[in-house]
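Just data_24.cif here, mmCIF, C-alpha atoms and all ligand atoms:
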data_upload
#
loop_
_atom_site.group_PDB
_atom_site.id
_atom_site.type_symbol
_atom_site.label_atom_id
_atom_site.label_comp_id
_atom_site.auth_asym_id
_atom_site.auth_seq_id
_atom_site.Cartn_x
_atom_site.Cartn_y
_atom_site.Cartn_z
ATOM 1 C CA MET A 130 17.964 57.406 447.343
ATOM 2 C CA VAL A 131 18.789 53.883 446.248
ATOM 3 C CA ALA A 132 22.300 53.709 444.870
ATOM 4 C CA ARG A 133 22.946 51.590 441.825
ATOM 5 C CA PRO A 134 25.877 49.162 442.057
ATOM 6 C CA THR A 135 28.328 51.508 440.349
ATOM 7 C CA ASP A 136 27.106 54.728 441.954
ATOM 8 C CA VAL A 137 29.517 56.851 443.925
ATOM 9 C CA VAL A 138 28.119 59.276 446.477
ATOM 10 C CA LEU A 139 30.327 62.255 447.149
ATOM 11 C CA VAL A 140 30.071 63.891 450.548
ATOM 12 C CA VAL A 141 31.691 67.299 450.923
ATOM 13 C CA GLU A 142 32.400 68.443 454.445
ATOM 14 C CA ARG A 143 33.368 72.056 455.059
ATOM 15 C CA THR A 144 34.932 73.419 458.189
ATOM 16 C CA ASP A 145 34.163 76.956 456.977
ATOM 17 C CA PRO A 146 30.403 77.476 456.600
ATOM 18 C CA VAL A 147 30.902 80.509 454.348
ATOM 19 C CA PRO A 148 32.838 79.398 451.268
ATOM 20 C CA THR A 149 35.359 81.892 449.942
ATOM 21 C CA ARG A 150 37.076 81.665 446.596
ATOM 22 C CA SER A 151 40.812 81.206 446.553
ATOM 23 C CA ARG A 152 43.416 81.044 443.817
ATOM 24 C CA ASP A 153 43.268 77.232 444.117
ATOM 25 C CA ASP A 154 39.520 77.343 443.384
ATOM 26 C CA ALA A 155 40.172 79.233 440.178
ATOM 27 C CA ALA A 156 42.795 76.655 439.191
ATOM 28 C CA GLY A 157 40.397 73.800 439.873
ATOM 29 C CA CYS A 158 42.361 72.569 442.896
ATOM 30 C CA ALA A 159 40.858 71.272 446.121
ATOM 31 C CA ARG A 160 40.650 73.823 448.935
ATOM 32 C CA ASP A 161 42.562 73.174 452.133
ATOM 33 C CA ASP A 162 39.381 73.451 454.202
ATOM 34 C CA GLU A 163 37.433 71.039 452.066
ATOM 35 C CA VAL A 164 37.489 67.312 452.544
ATOM 36 C CA THR A 165 35.902 65.093 449.931
ATOM 37 C CA ARG A 166 35.017 61.522 450.865
ATOM 38 C CA ALA A 167 33.882 58.964 448.377
ATOM 39 C CA ILE A 168 31.373 56.399 449.535
ATOM 40 C CA PRO A 169 31.147 53.827 446.771
ATOM 41 C CA SER A 170 28.338 51.335 446.716
ATOM 42 C CA ASP A 171 30.857 48.496 446.666
ATOM 43 C CA PRO A 172 30.480 46.959 450.161
ATOM 44 C CA ARG A 173 34.209 46.447 450.548
ATOM 45 C CA ALA A 174 35.040 50.035 449.713
ATOM 46 C CA ARG A 175 32.029 51.292 451.721
ATOM 47 C CA SER A 176 33.646 49.875 454.820
ATOM 48 C CA GLY A 177 35.791 53.039 454.761
ATOM 49 C CA VAL A 178 39.036 51.101 454.646
ATOM 50 C CA MET A 179 41.262 52.327 451.857
ATOM 51 C CA ASP A 180 44.601 50.692 451.256
ATOM 52 C CA ARG A 181 46.480 53.928 450.765
ATOM 53 C CA HIS A 182 49.671 52.090 449.923
ATOM 54 C CA ALA A 183 47.913 50.233 447.110
ATOM 55 C CA VAL A 184 46.603 53.517 445.688
ATOM 56 C CA GLU A 185 50.045 55.095 446.076
ATOM 57 C CA GLN A 186 51.538 52.243 444.052
ATOM 58 C CA GLU A 187 49.272 53.210 441.169
ATOM 59 C CA LEU A 188 49.380 57.007 441.384
ATOM 60 C CA GLU A 189 53.027 57.682 442.245
ATOM 61 C CA PRO A 190 54.390 55.984 439.075
ATOM 62 C CA LEU A 191 51.753 57.825 437.046
ATOM 63 C CA LEU A 192 52.921 61.115 438.571
ATOM 64 C CA ILE A 193 56.495 60.321 437.514
ATOM 65 C CA GLU A 194 55.403 59.459 433.968
ATOM 66 C CA LEU A 195 53.370 62.644 433.637
ATOM 67 C CA VAL A 196 56.198 64.861 434.890
ATOM 68 C CA ASP A 197 58.577 63.176 432.436
ATOM 69 C CA LEU A 198 56.028 63.545 429.635
ATOM 70 C CA ALA A 199 55.478 67.252 430.337
ATOM 71 C CA LEU A 200 59.225 67.936 430.310
ATOM 72 C CA THR A 201 59.693 65.887 427.149
ATOM 73 C CA ALA A 202 56.846 67.687 425.401
ATOM 74 C CA LYS A 203 58.503 71.039 426.131
ATOM 75 C CA GLN A 204 61.912 69.761 425.000
ATOM 76 C CA ALA A 205 60.325 68.614 421.735
ATOM 77 C CA HIS A 206 58.315 71.853 421.436
ATOM 78 C CA TRP A 207 61.526 73.876 421.529
ATOM 79 C CA ASN A 208 63.631 71.685 419.250
ATOM 80 C CA VAL A 209 61.304 70.260 416.622
ATOM 81 C CA SER A 210 62.376 71.251 413.133
ATOM 82 C CA GLY A 211 61.512 70.524 409.553
ATOM 83 C CA LEU A 212 58.395 70.068 407.483
ATOM 84 C CA TRP A 213 55.700 69.941 410.194
ATOM 85 C CA PHE A 214 57.365 72.391 412.539
ATOM 86 C CA ARG A 215 54.403 74.695 413.058
ATOM 87 C CA PRO A 216 51.601 72.191 413.871
ATOM 88 C CA LEU A 217 53.880 70.024 416.000
ATOM 89 C CA HIS A 218 55.305 73.045 417.821
ATOM 90 C CA ALA A 219 51.769 74.095 418.780
ATOM 91 C CA GLN A 220 50.521 70.580 419.518
ATOM 92 C CA LEU A 221 53.488 69.834 421.806
ATOM 93 C CA ASP A 222 52.756 72.981 423.787
ATOM 94 C CA GLU A 223 49.130 71.906 424.271
ATOM 95 C CA LEU A 224 50.306 68.498 425.430
ATOM 96 C CA ALA A 225 52.776 70.015 427.906
ATOM 97 C CA ASP A 226 50.066 72.270 429.381
ATOM 98 C CA ASP A 227 47.562 69.408 429.690
ATOM 99 C CA VAL A 228 50.043 66.989 431.224
ATOM 100 C CA ARG A 229 51.297 69.542 433.746
ATOM 101 C CA GLY A 230 47.726 70.035 434.914
ATOM 102 C CA TRP A 231 47.142 66.288 435.222
ATOM 103 C CA SER A 232 50.365 65.827 437.181
ATOM 104 C CA ASP A 233 49.028 68.408 439.628
ATOM 105 C CA ASP A 234 45.728 66.517 439.892
ATOM 106 C CA VAL A 235 47.483 63.201 440.547
ATOM 107 C CA ALA A 236 49.889 64.700 443.105
ATOM 108 C CA GLU A 237 47.009 66.356 444.958
ATOM 109 C CA ARG A 238 44.994 63.133 444.939
ATOM 110 C CA LEU A 239 47.951 61.458 446.651
ATOM 111 C CA THR A 240 48.163 64.147 449.297
ATOM 112 C CA THR A 241 44.378 64.118 449.710
ATOM 113 C CA ILE A 242 44.524 60.469 450.771
ATOM 114 C CA GLY A 243 47.444 61.178 453.089
ATOM 115 C CA VAL A 244 50.393 60.155 450.929
ATOM 116 C CA ALA A 245 53.226 62.583 450.171
ATOM 117 C CA ALA A 246 53.778 63.105 446.448
ATOM 118 C CA ASP A 247 57.337 62.769 445.191
ATOM 119 C CA ALA A 248 58.209 64.358 441.856
ATOM 120 C CA ARG A 249 61.660 65.603 442.743
ATOM 121 C CA VAL A 250 64.085 65.794 439.834
ATOM 122 C CA GLU A 251 66.197 62.932 441.186
ATOM 123 C CA THR A 252 63.124 60.741 441.777
ATOM 124 C CA VAL A 253 61.826 61.332 438.258
ATOM 125 C CA ALA A 254 65.265 60.680 436.727
ATOM 126 C CA LYS A 255 65.720 57.466 438.712
ATOM 127 C CA THR A 256 62.270 55.960 438.282
ATOM 128 C CA THR A 257 60.875 57.079 434.936
ATOM 129 C CA PRO A 258 60.241 54.161 432.590
ATOM 130 C CA PHE A 259 61.044 56.297 429.538
ATOM 131 C CA GLY A 260 64.385 56.563 427.826
ATOM 132 C CA SER A 261 66.116 59.835 427.110
ATOM 133 C CA PHE A 262 64.677 62.103 424.413
ATOM 134 C CA PRO A 263 67.246 62.943 421.679
ATOM 135 C CA SER A 264 69.327 66.049 422.320
ATOM 136 C CA GLY A 265 69.557 68.943 419.890
ATOM 137 C CA PHE A 266 67.160 69.726 417.074
ATOM 138 C CA VAL A 267 64.905 66.822 416.126
ATOM 139 C CA GLU A 268 63.297 66.325 412.738
ATOM 140 C CA SER A 269 59.514 66.558 412.829
ATOM 141 C CA THR A 270 59.284 63.127 411.187
ATOM 142 C CA GLN A 271 61.034 61.706 414.259
ATOM 143 C CA VAL A 272 59.150 63.712 416.854
ATOM 144 C CA ALA A 273 55.646 62.372 416.197
ATOM 145 C CA PRO A 274 56.656 58.666 416.546
ATOM 146 C CA LEU A 275 58.636 59.441 419.693
ATOM 147 C CA MET A 276 55.630 61.117 421.262
ATOM 148 C CA VAL A 277 53.291 58.308 420.182
ATOM 149 C CA GLU A 278 55.648 55.800 421.814
ATOM 150 C CA ARG A 279 55.620 57.684 425.123
ATOM 151 C CA LEU A 280 51.884 58.310 425.075
ATOM 152 C CA THR A 281 51.251 54.643 424.308
ATOM 153 C CA GLY A 282 53.396 53.686 427.293
ATOM 154 C CA VAL A 283 51.378 55.830 429.714
ATOM 155 C CA VAL A 284 48.036 54.778 428.219
ATOM 156 C CA GLU A 285 48.833 51.064 428.468
ATOM 157 C CA SER A 286 50.063 51.421 432.045
ATOM 158 C CA ASN A 287 46.964 53.423 432.902
ATOM 159 C CA ARG A 288 44.596 50.794 431.540
ATOM 160 C CA ALA A 289 46.116 48.286 433.958
ATOM 161 C CA ARG A 290 45.995 50.891 436.752
ATOM 162 C CA ILE A 291 42.328 51.550 436.070
ATOM 163 C CA GLU A 292 41.562 47.858 436.522
ATOM 164 C CA ARG A 293 43.445 47.641 439.800
ATOM 165 C CA LEU A 294 42.122 50.921 441.207
ATOM 166 C CA GLY A 295 38.579 49.653 440.754
ATOM 167 C CA ALA A 296 39.154 47.424 443.750
ATOM 168 C CA GLU A 297 40.798 50.122 445.848
ATOM 169 C CA ASP A 298 39.503 53.641 445.295
ATOM 170 C CA LEU A 299 36.889 54.672 442.756
ATOM 171 C CA VAL A 300 37.760 58.356 443.000
ATOM 172 C CA SER A 301 41.374 57.699 442.008
ATOM 173 C CA GLN A 302 40.130 55.336 439.319
ATOM 174 C CA ASP A 303 37.881 58.076 437.912
ATOM 175 C CA LEU A 304 40.806 60.502 437.855
ATOM 176 C CA VAL A 305 42.974 58.053 435.896
ATOM 177 C CA VAL A 306 40.122 57.259 433.488
ATOM 178 C CA GLY A 307 39.738 60.953 432.658
ATOM 179 C CA ILE A 308 43.464 61.466 432.152
ATOM 180 C CA THR A 309 43.700 58.371 429.960
ATOM 181 C CA ALA A 310 40.911 59.525 427.668
ATOM 182 C CA ARG A 311 42.754 62.796 427.041
ATOM 183 C CA LEU A 312 46.099 61.045 426.602
ATOM 184 C CA GLU A 313 44.545 58.790 423.983
ATOM 185 C CA LYS A 314 43.267 61.863 422.129
ATOM 186 C CA HIS A 315 46.754 63.384 422.096
ATOM 187 C CA LYS A 316 48.140 60.039 420.922
ATOM 188 C CA TRP A 317 45.678 59.984 418.041
ATOM 189 C CA MET A 318 46.682 63.488 416.962
ATOM 190 C CA PHE A 319 50.396 62.718 416.996
ATOM 191 C CA ALA A 320 49.798 59.443 415.168
ATOM 192 C CA ALA A 321 47.850 61.324 412.494
ATOM 193 C CA GLU A 322 50.973 63.450 411.850
ATOM 194 C CA GLN A 323 52.853 60.406 410.631
ATOM 195 C CA PRO A 324 52.999 59.699 406.895
HETATM 196 FE FE FE B 1 56.807 78.034 423.574
#
What does the file become when written as structure tokens?
Amino acid sequence: MVARPTDVVLVVERTDPVPTRSRDDAAGCARDDEVTRAIPSDPRARSGVMDRHAVEQELEPLLIELVDLALTAKQAHWNVSGLWFRPLHAQLDELADDVRGWSDDVAERLTTIGVAADARVETVAKTTPFGSFPSGFVESTQVAPLMVERLTGVVESNRARIERLGAEDLVSQDLVVGITARLEKHKWMFAAEQP
């Protein structure tokens, strides 16, 4: 097969010749006995040399932002009040569920390339770029703009990450592209709540 310039060939190597389903399979997570290597057509990347530190510098901050965003979405889900309570309450729960799943994907991409993920409470609190969400009940008219602001922050950071990851690791780039598309959809829905 002749690969086009942007093609990525995935090679899956199994140590267990008889695949068995695990709970991780059902959750869409990589199995421990499965190693996935990406062989991009880019000659530099095809050399097999991945700057893991460079990829870590893109994915670790994203992990922190996603963990913060998931916690914030739940905080808002519980405390939103006022006119648009019901749709925002439901929408914030969907966002929290989505973002938690993406944080898992990003953390497991880090560990897949041999980098330990760090989303400890103290690490998130120290390194998150987002300010504190208001305490107590929050009017629905305030909640939507606050969520749009946070989602915009992650989306803009991700667009720069996508550019940089293109030179480092196309698999990680693809992961961030997918997450960003969904974040932008959530951003649109929260923006549409605003008068
Ligand atoms: Fe709930």
Name each residue within 10 Å of ligand FE 1 (chain B), counting all atoms listed in the file, as number ranges by chain.
A: 203-204, 206-207, 218-219, 221-223, 225
Using all atoms listed in the file: which of A:Ala310, A:Val184, A:Val277, A:Leu299 has the shortest distance to Glu322 in chain A:
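For Glu322 in chain A, the nearest of the given residues is A:Val277.
Proximity of A:Leu294, A:Leu312, A:Val272, A:Leu304 to Trp213 in chain A, computed with all atoms listed in the file, is greatest for A:Val272.
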Might you pull out every residue within 12 Å of Asp227 in chain A, with all atoms listed in the file counted and same-chain residues fewer than 2 positions away left off, and present them as a list of chain:residue names?
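Contacts, with the query itself left out: A:Leu195, A:Val196, A:Leu198, A:Ala199, A:Leu200, A:Ala202, A:Lys203, A:Gln220, A:Leu221, A:Asp222, A:Glu223, A:Leu224, A:Ala225, A:Arg229, A:Gly230, A:Trp231, A:Ser232, A:Asp233, A:Asp234, A:Gly307, A:Ile308, A:Thr309, A:Arg311, A:Leu312, A:Lys314, A:His315.
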Calculated over all atoms listed in the file, which of the candidates A:Glu278, A:Glu185, A:Glu251, A:Glu268 has the smallest distance to Leu217 in chain A?
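Of A:Glu278, A:Glu185, A:Glu251, A:Glu268, the one nearest Leu217 in chain A is A:Glu268, counting all atoms listed in the file.
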Check which residues satisfy the PyMOL selection byres (((chain A and resi 188) around 10) and not hetatm) in the file shown, then give them as a PyMOL selection string.
chain A and resi 182-187+189-194+232+235-236+238-239+246+287+290+294+301-302+304-305
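For the atom pair formed by CA of Ile291 in chain A and CA of Ala205 in chain A, the distance is 28.6 Å, given to one decimal.
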What is the CA of Gln271 in chain A to CA of Met318 in chain A distance in Å?
14.7 Å
In terms of the shortest atom-to-atom distance over all atoms listed in the file, which of A:Thr281, A:Ser261, A:Thr241, A:Ser269 is closest to Thr201 in chain A?
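Smallest distance to Thr201 in chain A is found for A:Ser261.
Between CA of Glu297 in chain A and CA of Thr252 in chain A lies a distance of 25.1 Å.
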Mind giving me the axis-aligned box for range 202-218 of chain A with 6 Å on every side, centre plus edges in Å to one decimal, as AutoDock Vina command-line options?
--center_x 57.6 --center_y 71.2 --center_z 416.8 --size_x 24.0 --size_y 19.0 --size_z 30.6
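Across the chains present, the PyMOL selection byres (((chain A and resi 323) around 9) and not hetatm) applied to this file returns Thr270, Ala273, Pro274, Phe319, Ala320, Ala321, Glu322 and Pro324 of chain A.
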For the residues selected in the previous step, produce a file with C-alpha atoms as a PDB file, in the frame of the given file.
ATOM      1  CA  THR A 270      59.284  63.127 411.187  1.00  0.00           C
ATOM      2  CA  ALA A 273      55.646  62.372 416.197  1.00  0.00           C
ATOM      3  CA  PRO A 274      56.656  58.666 416.546  1.00  0.00           C
ATOM      4  CA  PHE A 319      50.396  62.718 416.996  1.00  0.00           C
ATOM      5  CA  ALA A 320      49.798  59.443 415.168  1.00  0.00           C
ATOM      6  CA  ALA A 321      47.850  61.324 412.494  1.00  0.00           C
ATOM      7  CA  GLU A 322      50.973  63.450 411.850  1.00  0.00           C
ATOM      8  CA  PRO A 324      52.999  59.699 406.895  1.00  0.00           C
TER       9      PRO A 324
END
With all atoms listed in the file as the atoms that count, which of A:Leu280, A:Trp317, A:Ser210, A:Asp197 lies nearest to Val250 in chain A?
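Among the listed residues, A:Asp197 lies closest to Val250 in chain A.
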